[in-house]
>>> print(open('query-v2.pdb').read())   # PDB, C-alpha atoms
MODEL        1
ATOM      1  CA  MET Y   9       3.810 -38.148 -85.027  1.00  0.00           C
ATOM      2  CA  ILE Y  10       1.643 -38.764 -81.973  1.00  0.00           C
ATOM      3  CA  ARG Y  11       1.686 -42.490 -81.161  1.00  0.00           C
ATOM      4  CA  VAL Y  12      -1.790 -43.483 -79.941  1.00  0.00           C
ATOM      5  CA  LEU Y  13      -2.896 -46.628 -78.122  1.00  0.00           C
ATOM      6  CA  LEU Y  14      -6.644 -47.328 -78.134  1.00  0.00           C
ATOM      7  CA  ALA Y  15      -8.110 -49.222 -75.158  1.00  0.00           C
ATOM      8  CA  ASP Y  16     -11.782 -50.226 -75.337  1.00  0.00           C
ATOM      9  CA  ASP Y  17     -13.549 -53.550 -74.858  1.00  0.00           C
ATOM     10  CA  GLN Y  18     -15.758 -53.004 -77.918  1.00  0.00           C
ATOM     11  CA  THR Y  19     -14.140 -54.080 -81.175  1.00  0.00           C
ATOM     12  CA  LEU Y  20     -16.316 -51.821 -83.318  1.00  0.00           C
ATOM     13  CA  VAL Y  21     -15.463 -48.776 -81.197  1.00  0.00           C
ATOM     14  CA  ARG Y  22     -11.748 -49.503 -81.508  1.00  0.00           C
ATOM     15  CA  ALA Y  23     -12.102 -49.978 -85.262  1.00  0.00           C
ATOM     16  CA  ALA Y  24     -13.949 -46.677 -85.675  1.00  0.00           C
ATOM     17  CA  PHE Y  25     -11.417 -44.774 -83.555  1.00  0.00           C
ATOM     18  CA  THR Y  26      -8.554 -46.394 -85.448  1.00  0.00           C
ATOM     19  CA  MET Y  27      -9.913 -45.183 -88.789  1.00  0.00           C
ATOM     20  CA  LEU Y  28     -10.386 -41.697 -87.386  1.00  0.00           C
ATOM     21  CA  VAL Y  29      -6.935 -41.418 -85.800  1.00  0.00           C
ATOM     22  CA  GLU Y  30      -5.201 -42.850 -88.858  1.00  0.00           C
ATOM     23  CA  SER Y  31      -6.923 -40.212 -91.002  1.00  0.00           C
ATOM     24  CA  ALA Y  32      -4.926 -37.495 -89.227  1.00  0.00           C
ATOM     25  CA  ARG Y  33      -1.506 -36.762 -90.674  1.00  0.00           C
ATOM     26  CA  ASP Y  34       0.096 -36.061 -87.302  1.00  0.00           C
ATOM     27  CA  MET Y  35      -0.862 -39.257 -85.452  1.00  0.00           C
ATOM     28  CA  GLU Y  36      -0.856 -43.032 -85.775  1.00  0.00           C
ATOM     29  CA  VAL Y  37      -2.371 -45.979 -83.915  1.00  0.00           C
ATOM     30  CA  VAL Y  38       0.365 -48.194 -82.493  1.00  0.00           C
ATOM     31  CA  GLY Y  39      -1.864 -50.694 -80.722  1.00  0.00           C
ATOM     32  CA  GLN Y  40      -5.356 -51.726 -79.637  1.00  0.00           C
ATOM     33  CA  ALA Y  41      -6.300 -53.187 -76.263  1.00  0.00           C
ATOM     34  CA  GLY Y  42      -9.536 -54.916 -75.278  1.00  0.00           C
ATOM     35  CA  THR Y  43      -8.800 -55.048 -71.537  1.00  0.00           C
ATOM     36  CA  GLY Y  44      -7.139 -52.788 -69.009  1.00  0.00           C
ATOM     37  CA  ARG Y  45      -4.350 -55.284 -68.397  1.00  0.00           C
ATOM     38  CA  GLU Y  46      -3.627 -55.434 -72.116  1.00  0.00           C
ATOM     39  CA  ALA Y  47      -3.589 -51.618 -72.244  1.00  0.00           C
ATOM     40  CA  VAL Y  48      -0.861 -51.504 -69.581  1.00  0.00           C
ATOM     41  CA  ARG Y  49       1.165 -54.166 -71.371  1.00  0.00           C
ATOM     42  CA  LEU Y  50       0.899 -52.446 -74.757  1.00  0.00           C
ATOM     43  CA  ALA Y  51       1.700 -49.047 -73.266  1.00  0.00           C
ATOM     44  CA  ARG Y  52       4.976 -50.570 -72.114  1.00  0.00           C
ATOM     45  CA  SER Y  53       5.776 -52.487 -75.294  1.00  0.00           C
ATOM     46  CA  GLU Y  54       4.613 -50.033 -77.971  1.00  0.00           C
ATOM     47  CA  ARG Y  55       5.885 -46.841 -76.321  1.00  0.00           C
ATOM     48  CA  ALA Y  56       2.733 -44.882 -77.060  1.00  0.00           C
ATOM     49  CA  ASP Y  57       2.628 -41.151 -76.440  1.00  0.00           C
ATOM     50  CA  LEU Y  58      -1.033 -41.279 -75.431  1.00  0.00           C
ATOM     51  CA  VAL Y  59      -3.600 -43.889 -74.412  1.00  0.00           C
ATOM     52  CA  VAL Y  60      -7.282 -43.334 -75.188  1.00  0.00           C
ATOM     53  CA  MET Y  61      -8.690 -45.292 -72.242  1.00  0.00           C
ATOM     54  CA  ASP Y  62     -12.203 -46.614 -71.739  1.00  0.00           C
ATOM     55  CA  LEU Y  63     -13.173 -46.904 -68.063  1.00  0.00           C
ATOM     56  CA  ARG Y  64     -15.417 -49.950 -68.292  1.00  0.00           C
ATOM     57  CA  MET Y  65     -13.254 -52.892 -69.365  1.00  0.00           C
ATOM     58  CA  PRO Y  66     -12.888 -56.511 -68.246  1.00  0.00           C
ATOM     59  CA  ASP Y  67      -9.926 -57.987 -66.380  1.00  0.00           C
ATOM     60  CA  LEU Y  68      -8.677 -54.570 -65.240  1.00  0.00           C
ATOM     61  CA  ASP Y  69     -10.781 -51.408 -65.376  1.00  0.00           C
ATOM     62  CA  GLY Y  70      -9.589 -48.161 -66.924  1.00  0.00           C
ATOM     63  CA  ILE Y  71      -8.950 -46.459 -63.577  1.00  0.00           C
ATOM     64  CA  GLU Y  72      -6.564 -49.148 -62.348  1.00  0.00           C
ATOM     65  CA  ALA Y  73      -4.926 -49.377 -65.779  1.00  0.00           C
ATOM     66  CA  THR Y  74      -4.408 -45.608 -65.704  1.00  0.00           C
ATOM     67  CA  ARG Y  75      -2.984 -45.817 -62.175  1.00  0.00           C
ATOM     68  CA  ARG Y  76      -0.469 -48.488 -63.218  1.00  0.00           C
ATOM     69  CA  ILE Y  77       0.639 -46.530 -66.259  1.00  0.00           C
ATOM     70  CA  ALA Y  78       1.044 -43.346 -64.214  1.00  0.00           C
ATOM     71  CA  ALA Y  79       3.006 -45.178 -61.523  1.00  0.00           C
ATOM     72  CA  ASP Y  80       5.464 -46.742 -63.962  1.00  0.00           C
ATOM     73  CA  GLU Y  81       8.596 -44.596 -64.141  1.00  0.00           C
ATOM     74  CA  ASP Y  82       9.412 -46.045 -67.563  1.00  0.00           C
ATOM     75  CA  LEU Y  83       6.093 -44.639 -68.837  1.00  0.00           C
ATOM     76  CA  ALA Y  84       6.523 -41.142 -67.397  1.00  0.00           C
ATOM     77  CA  GLY Y  85       5.835 -39.490 -70.742  1.00  0.00           C
ATOM     78  CA  VAL Y  86       2.678 -41.455 -71.543  1.00  0.00           C
ATOM     79  CA  LYS Y  87      -0.552 -39.441 -71.265  1.00  0.00           C
ATOM     80  CA  VAL Y  88      -3.992 -40.954 -70.672  1.00  0.00           C
ATOM     81  CA  LEU Y  89      -7.179 -39.546 -72.176  1.00  0.00           C
ATOM     82  CA  VAL Y  90     -10.196 -41.244 -70.594  1.00  0.00           C
ATOM     83  CA  LEU Y  91     -13.475 -42.078 -72.314  1.00  0.00           C
ATOM     84  CA  THR Y  92     -16.649 -41.916 -70.243  1.00  0.00           C
ATOM     85  CA  THR Y  93     -20.418 -41.828 -70.559  1.00  0.00           C
ATOM     86  CA  TYR Y  94     -20.396 -38.524 -68.604  1.00  0.00           C
ATOM     87  CA  ASP Y  95     -23.407 -38.205 -66.298  1.00  0.00           C
ATOM     88  CA  THR Y  96     -23.634 -41.936 -65.568  1.00  0.00           C
ATOM     89  CA  ASP Y  97     -19.963 -42.509 -64.778  1.00  0.00           C
ATOM     90  CA  ASP Y  98     -19.055 -41.587 -61.204  1.00  0.00           C
ATOM     91  CA  ASN Y  99     -15.438 -42.712 -61.552  1.00  0.00           C
ATOM     92  CA  ILE Y 100     -14.040 -39.881 -63.635  1.00  0.00           C
ATOM     93  CA  VAL Y 101     -12.468 -37.944 -60.746  1.00  0.00           C
ATOM     94  CA  GLU Y 102     -10.825 -41.139 -59.520  1.00  0.00           C
ATOM     95  CA  ALA Y 103      -9.400 -41.538 -63.017  1.00  0.00           C
ATOM     96  CA  LEU Y 104      -7.989 -38.022 -62.853  1.00  0.00           C
ATOM     97  CA  ARG Y 105      -6.483 -38.751 -59.459  1.00  0.00           C
ATOM     98  CA  ALA Y 106      -5.015 -41.945 -60.897  1.00  0.00           C
ATOM     99  CA  GLY Y 107      -3.132 -39.909 -63.476  1.00  0.00           C
ATOM    100  CA  ALA Y 108      -5.450 -39.269 -66.426  1.00  0.00           C
ATOM    101  CA  SER Y 109      -5.000 -35.918 -68.145  1.00  0.00           C
ATOM    102  CA  GLY Y 110      -8.630 -35.446 -69.127  1.00  0.00           C
ATOM    103  CA  PHE Y 111     -11.677 -37.151 -70.543  1.00  0.00           C
ATOM    104  CA  LEU Y 112     -14.097 -37.241 -73.427  1.00  0.00           C
ATOM    105  CA  VAL Y 113     -17.651 -38.457 -73.808  1.00  0.00           C
ATOM    106  CA  LYS Y 114     -18.017 -41.367 -76.184  1.00  0.00           C
ATOM    107  CA  ASP Y 115     -20.379 -39.506 -78.492  1.00  0.00           C
ATOM    108  CA  THR Y 116     -17.926 -36.668 -79.044  1.00  0.00           C
ATOM    109  CA  ARG Y 117     -17.517 -35.380 -82.573  1.00  0.00           C
ATOM    110  CA  PRO Y 118     -14.587 -36.830 -84.564  1.00  0.00           C
ATOM    111  CA  ALA Y 119     -12.767 -33.512 -84.886  1.00  0.00           C
ATOM    112  CA  GLU Y 120     -13.059 -32.979 -81.115  1.00  0.00           C
ATOM    113  CA  LEU Y 121     -11.441 -36.352 -80.421  1.00  0.00           C
ATOM    114  CA  LEU Y 122      -8.485 -35.505 -82.643  1.00  0.00           C
ATOM    115  CA  ASP Y 123      -8.130 -32.078 -81.043  1.00  0.00           C
ATOM    116  CA  ALA Y 124      -8.298 -33.670 -77.601  1.00  0.00           C
ATOM    117  CA  ILE Y 125      -5.523 -36.110 -78.479  1.00  0.00           C
ATOM    118  CA  ARG Y 126      -3.335 -33.241 -79.645  1.00  0.00           C
ATOM    119  CA  THR Y 127      -4.111 -31.180 -76.542  1.00  0.00           C
ATOM    120  CA  VAL Y 128      -3.324 -33.932 -74.057  1.00  0.00           C
ATOM    121  CA  ALA Y 129      -0.267 -35.157 -75.976  1.00  0.00           C
ATOM    122  CA  ALA Y 130       1.095 -31.610 -75.803  1.00  0.00           C
ATOM    123  CA  GLY Y 131       0.934 -31.713 -72.009  1.00  0.00           C
ATOM    124  CA  GLU Y 132      -2.272 -29.757 -71.479  1.00  0.00           C
ATOM    125  CA  ALA Y 133      -5.220 -31.009 -69.431  1.00  0.00           C
ATOM    126  CA  LEU Y 134      -8.540 -31.385 -71.199  1.00  0.00           C
ATOM    127  CA  LEU Y 135     -10.589 -30.086 -68.279  1.00  0.00           C
ATOM    128  CA  SER Y 136     -12.622 -27.051 -69.213  1.00  0.00           C
ATOM    129  CA  PRO Y 137     -14.578 -25.100 -70.182  1.00  0.00           C
ATOM    130  CA  GLY Y 138     -17.786 -27.086 -70.473  1.00  0.00           C
ATOM    131  CA  PRO Y 139     -18.844 -30.486 -69.140  1.00  0.00           C
ATOM    132  CA  THR Y 140     -15.491 -31.449 -67.661  1.00  0.00           C
ATOM    133  CA  ALA Y 141     -15.324 -28.570 -65.210  1.00  0.00           C
ATOM    134  CA  ARG Y 142     -18.946 -29.105 -64.197  1.00  0.00           C
ATOM    135  CA  LEU Y 143     -18.337 -32.816 -63.661  1.00  0.00           C
ATOM    136  CA  ILE Y 144     -15.306 -32.175 -61.469  1.00  0.00           C
ATOM    137  CA  GLU Y 145     -17.345 -29.699 -59.429  1.00  0.00           C
ATOM    138  CA  ARG Y 146     -20.135 -32.229 -58.968  1.00  0.00           C
ATOM    139  CA  PHE Y 147     -17.857 -34.877 -57.474  1.00  0.00           C
ATOM    140  CA  LEU Y 148     -15.651 -32.565 -55.449  1.00  0.00           C
ATOM    141  CA  ARG Y 149     -18.716 -30.980 -53.856  1.00  0.00           C
ATOM    142  CA  SER Y 150     -18.974 -34.010 -51.552  1.00  0.00           C
ATOM    143  CA  PRO Y 151     -18.583 -32.939 -47.883  1.00  0.00           C
ATOM    144  CA  GLU Y 152     -16.350 -35.898 -47.070  1.00  0.00           C
ATOM    145  CA  MET Y 153     -13.660 -34.770 -49.513  1.00  0.00           C
ATOM    146  CA  PRO Y 154     -10.498 -34.194 -47.425  1.00  0.00           C
ATOM    147  CA  ALA Y 155      -8.497 -30.988 -47.646  1.00  0.00           C
ATOM    148  CA  THR Y 156      -4.942 -31.744 -48.697  1.00  0.00           C
ATOM    149  CA  GLY Y 157      -3.347 -28.422 -47.816  1.00  0.00           C
ATOM    150  CA  GLY Y 158      -1.075 -28.828 -50.812  1.00  0.00           C
ATOM    151  CA  PRO Y 159      -1.001 -25.170 -51.883  1.00  0.00           C
ATOM    152  CA  ASP Y 160       0.476 -24.109 -48.522  1.00  0.00           C
ATOM    153  CA  CYS Y 161       3.951 -24.421 -49.995  1.00  0.00           C
ATOM    154  CA  LEU Y 162       3.146 -21.985 -52.816  1.00  0.00           C
ATOM    155  CA  SER Y 163       3.808 -18.276 -53.005  1.00  0.00           C
ATOM    156  CA  GLU Y 164       0.887 -15.870 -53.320  1.00  0.00           C
ATOM    157  CA  ARG Y 165       1.512 -15.485 -57.057  1.00  0.00           C
ATOM    158  CA  GLU Y 166       1.681 -19.247 -57.515  1.00  0.00           C
ATOM    159  CA  ARG Y 167      -1.624 -19.642 -55.689  1.00  0.00           C
ATOM    160  CA  GLU Y 168      -3.146 -17.106 -58.089  1.00  0.00           C
ATOM    161  CA  VAL Y 169      -1.803 -19.077 -61.034  1.00  0.00           C
ATOM    162  CA  LEU Y 170      -3.088 -22.371 -59.585  1.00  0.00           C
ATOM    163  CA  THR Y 171      -6.536 -20.845 -59.156  1.00  0.00           C
ATOM    164  CA  LEU Y 172      -6.596 -19.839 -62.811  1.00  0.00           C
ATOM    165  CA  VAL Y 173      -5.403 -23.288 -63.898  1.00  0.00           C
ATOM    166  CA  ALA Y 174      -8.302 -24.807 -61.929  1.00  0.00           C
ATOM    167  CA  ARG Y 175     -10.675 -22.445 -63.728  1.00  0.00           C
ATOM    168  CA  GLY Y 176      -9.532 -23.838 -67.050  1.00  0.00           C
ATOM    169  CA  LEU Y 177      -7.261 -21.082 -68.344  1.00  0.00           C
ATOM    170  CA  ASN Y 178      -4.305 -21.993 -70.522  1.00  0.00           C
ATOM    171  CA  ASN Y 179      -0.952 -20.248 -70.255  1.00  0.00           C
ATOM    172  CA  THR Y 180      -2.055 -17.426 -72.543  1.00  0.00           C
ATOM    173  CA  GLY Y 181      -5.216 -16.839 -70.514  1.00  0.00           C
ATOM    174  CA  ILE Y 182      -3.256 -16.883 -67.255  1.00  0.00           C
ATOM    175  CA  ALA Y 183      -0.781 -14.374 -68.682  1.00  0.00           C
ATOM    176  CA  GLU Y 184      -3.547 -12.023 -69.773  1.00  0.00           C
ATOM    177  CA  SER Y 185      -5.334 -12.250 -66.422  1.00  0.00           C
ATOM    178  CA  LEU Y 186      -2.236 -11.514 -64.353  1.00  0.00           C
ATOM    179  CA  GLY Y 187      -0.388  -9.161 -66.707  1.00  0.00           C
ATOM    180  CA  LEU Y 188       2.424 -11.636 -67.353  1.00  0.00           C
ATOM    181  CA  SER Y 189       4.120 -12.938 -70.455  1.00  0.00           C
ATOM    182  CA  PRO Y 190       2.987 -16.408 -71.621  1.00  0.00           C
ATOM    183  CA  LEU Y 191       6.507 -17.708 -70.946  1.00  0.00           C
ATOM    184  CA  THR Y 192       6.374 -16.453 -67.353  1.00  0.00           C
ATOM    185  CA  ALA Y 193       2.959 -18.040 -66.887  1.00  0.00           C
ATOM    186  CA  LYS Y 194       4.289 -21.336 -68.231  1.00  0.00           C
ATOM    187  CA  THR Y 195       7.255 -21.119 -65.843  1.00  0.00           C
ATOM    188  CA  HIS Y 196       4.917 -20.561 -62.892  1.00  0.00           C
ATOM    189  CA  VAL Y 197       2.794 -23.588 -63.882  1.00  0.00           C
ATOM    190  CA  SER Y 198       5.881 -25.802 -64.222  1.00  0.00           C
ATOM    191  CA  ARG Y 199       7.211 -24.648 -60.847  1.00  0.00           C
ATOM    192  CA  ILE Y 200       3.842 -25.341 -59.192  1.00  0.00           C
ATOM    193  CA  MET Y 201       3.793 -28.855 -60.658  1.00  0.00           C
ATOM    194  CA  GLY Y 202       7.243 -29.457 -59.252  1.00  0.00           C
ATOM    195  CA  LYS Y 203       6.328 -28.213 -55.767  1.00  0.00           C
ATOM    196  CA  LEU Y 204       3.116 -30.237 -55.617  1.00  0.00           C
ATOM    197  CA  GLY Y 205       4.494 -33.330 -57.343  1.00  0.00           C
ATOM    198  CA  ALA Y 206       1.797 -33.160 -60.019  1.00  0.00           C
ATOM    199  CA  ARG Y 207       2.130 -34.974 -63.338  1.00  0.00           C
ATOM    200  CA  ASP Y 208       0.110 -32.426 -65.273  1.00  0.00           C
ATOM    201  CA  ARG Y 209      -2.510 -29.697 -65.091  1.00  0.00           C
ATOM    202  CA  ALA Y 210      -5.297 -32.183 -64.424  1.00  0.00           C
ATOM    203  CA  GLN Y 211      -3.783 -33.075 -61.076  1.00  0.00           C
ATOM    204  CA  LEU Y 212      -3.322 -29.385 -60.293  1.00  0.00           C
ATOM    205  CA  VAL Y 213      -7.083 -28.931 -60.665  1.00  0.00           C
ATOM    206  CA  ILE Y 214      -7.738 -31.780 -58.232  1.00  0.00           C
ATOM    207  CA  VAL Y 215      -5.336 -30.246 -55.676  1.00  0.00           C
ATOM    208  CA  ALA Y 216      -6.951 -26.825 -56.052  1.00  0.00           C
ATOM    209  CA  TYR Y 217     -10.409 -28.234 -55.331  1.00  0.00           C
ATOM    210  CA  GLU Y 218      -9.468 -30.685 -52.581  1.00  0.00           C
ATOM    211  CA  SER Y 219      -7.515 -28.025 -50.684  1.00  0.00           C
ATOM    212  CA  GLY Y 220     -10.371 -25.531 -50.887  1.00  0.00           C
ATOM    213  CA  LEU Y 221      -8.357 -23.021 -52.917  1.00  0.00           C
ATOM    214  CA  VAL Y 222     -11.106 -23.228 -55.523  1.00  0.00           C
ATOM    215  CA  THR Y 223     -14.648 -24.095 -54.450  1.00  0.00           C
ATOM    216  CA  PRO Y 224     -17.526 -25.554 -56.482  1.00  0.00           C
ATOM    217  CA  GLY Y 225     -19.498 -22.830 -58.159  1.00  0.00           C
ATOM    218  CA  SER Y 226     -16.585 -20.386 -58.294  1.00  0.00           C
ATOM    219  CA  MET Y 227     -15.629 -21.306 -61.870  1.00  0.00           C
TER     220      MET Y 227
ENDMDL
END
>>> encode(input="query-v2.pdb", output="structure tokens")
Amino acid sequence: MIRVLLADDQTLVRAAFTMLVESARDMEVVGQAGTGREAVRLARSERADLVVMDLRMPDLDGIEATRRIAADEDLAGVKVLVLTTYDTDDNIVEALRAGASGFLVKDTRPAELLDAIRTVAAGEALLSPGPTARLIERFLRSPEMPATGGPDCLSEREREVLTLVARGLNNTGIAESLGLSPLTAKTHVSRIMGKLGARDRAQLVIVAYESGLVTPGSM
């Protein structure tokens, strides 16, 4: 069972998401939070596998709540799936940097929300194809974005794998593109995460863009 914590300041939204999540046989709602501070507290007390996190909340916003969850060693296995209003919310990349593993728009279809929860809970990043990749490009296109130089420690093959991760390919897609087995592709991704100190694939995408390994428009 995937243990889900729902964080949103709107009671009706939380109620609707609760009904939806509870309708799935492989997941359950273990808590509801109306503020970011409450989300952090419940993540610690209820041992959720995944937090569905709204960005606009009182007391503590979703970005800071995500940052605190990601920074807590006792919550190392907790994933955060952010909710946003897409084109009007300029904080999504900051949420990814803070430790979120992906995001959804609030008007997403019910089946897509459940699939997203399963994807992120399984350790994948919900980043592309589609609006997510375009949104990341839009914010990372800013000329003042610093280059991190993170990929310098990677081998040529690992840089190829990182590039494909940033373009939204899963392990199977990476394997097919490079003529590898899916297990070898997965091993490369895990090794890259270890070298770069990344929590998940979402942070790998940020590193790939900030370092210039992948540039906006190349996806």
>>> resolve_selection(input="query-v2.pdb", expression="the PyMOL selection byres ((chain Y and resi 160) around 12)", output="PyMOL selection string")
chain Y and resi 155-159+161-164+166-167+170+200+203-204+215-216+219-221
>>> resolve_selection(input="query-v2.pdb", expression="the PyMOL selection byres ((chain Y and resi 58) around 7)", output="MDAnalysis selection string")
chainID Y and resid 11:13 56:57 59:60 86:88 129
>>> atom_distance(input="query-v2.pdb", atom1="CA of Ala130 (chain Y)", atom2="CA of Gly187 (chain Y)")
24.3 Å
>>> closest_residue(input="query-v2.pdb", among="Y:Glu132, Y:Asp82, Y:Asp62, Y:Glu46", to="Ser198 (chain Y)", atoms="all atoms listed in the file")
Y:Glu132
>>> closest_residue(input="query-v2.pdb", among="Y:Gly85, Y:Asn99, Y:Asn178, Y:Ala206", to="Arg55 (chain Y)", atoms="all atoms listed in the file")
Y:Gly85
>>> closest_residue(input="query-v2.pdb", among="Y:Arg105, Y:Leu89, Y:Leu14, Y:Gly44", to="Ala124 (chain Y)", atoms="all atoms listed in the file")
Y:Leu89
>>> residues_around(input="query-v2.pdb", residues="Val169 (chain Y)", least_positions_apart="4", cutoff="8 Å", atoms="only C-alpha atoms", output="PyMOL selection string")
chain Y and resi 165+173+182+193+196-197
>>> axis_aligned_box(input="query-v2.pdb", around="region 109-125 of chain Y", padding_each_side="4 Å", output="AutoDock Vina command-line options")
--center_x -12.7 --center_y -36.7 --center_z -76.5 --size_x 23.4 --size_y 17.3 --size_z 24.7
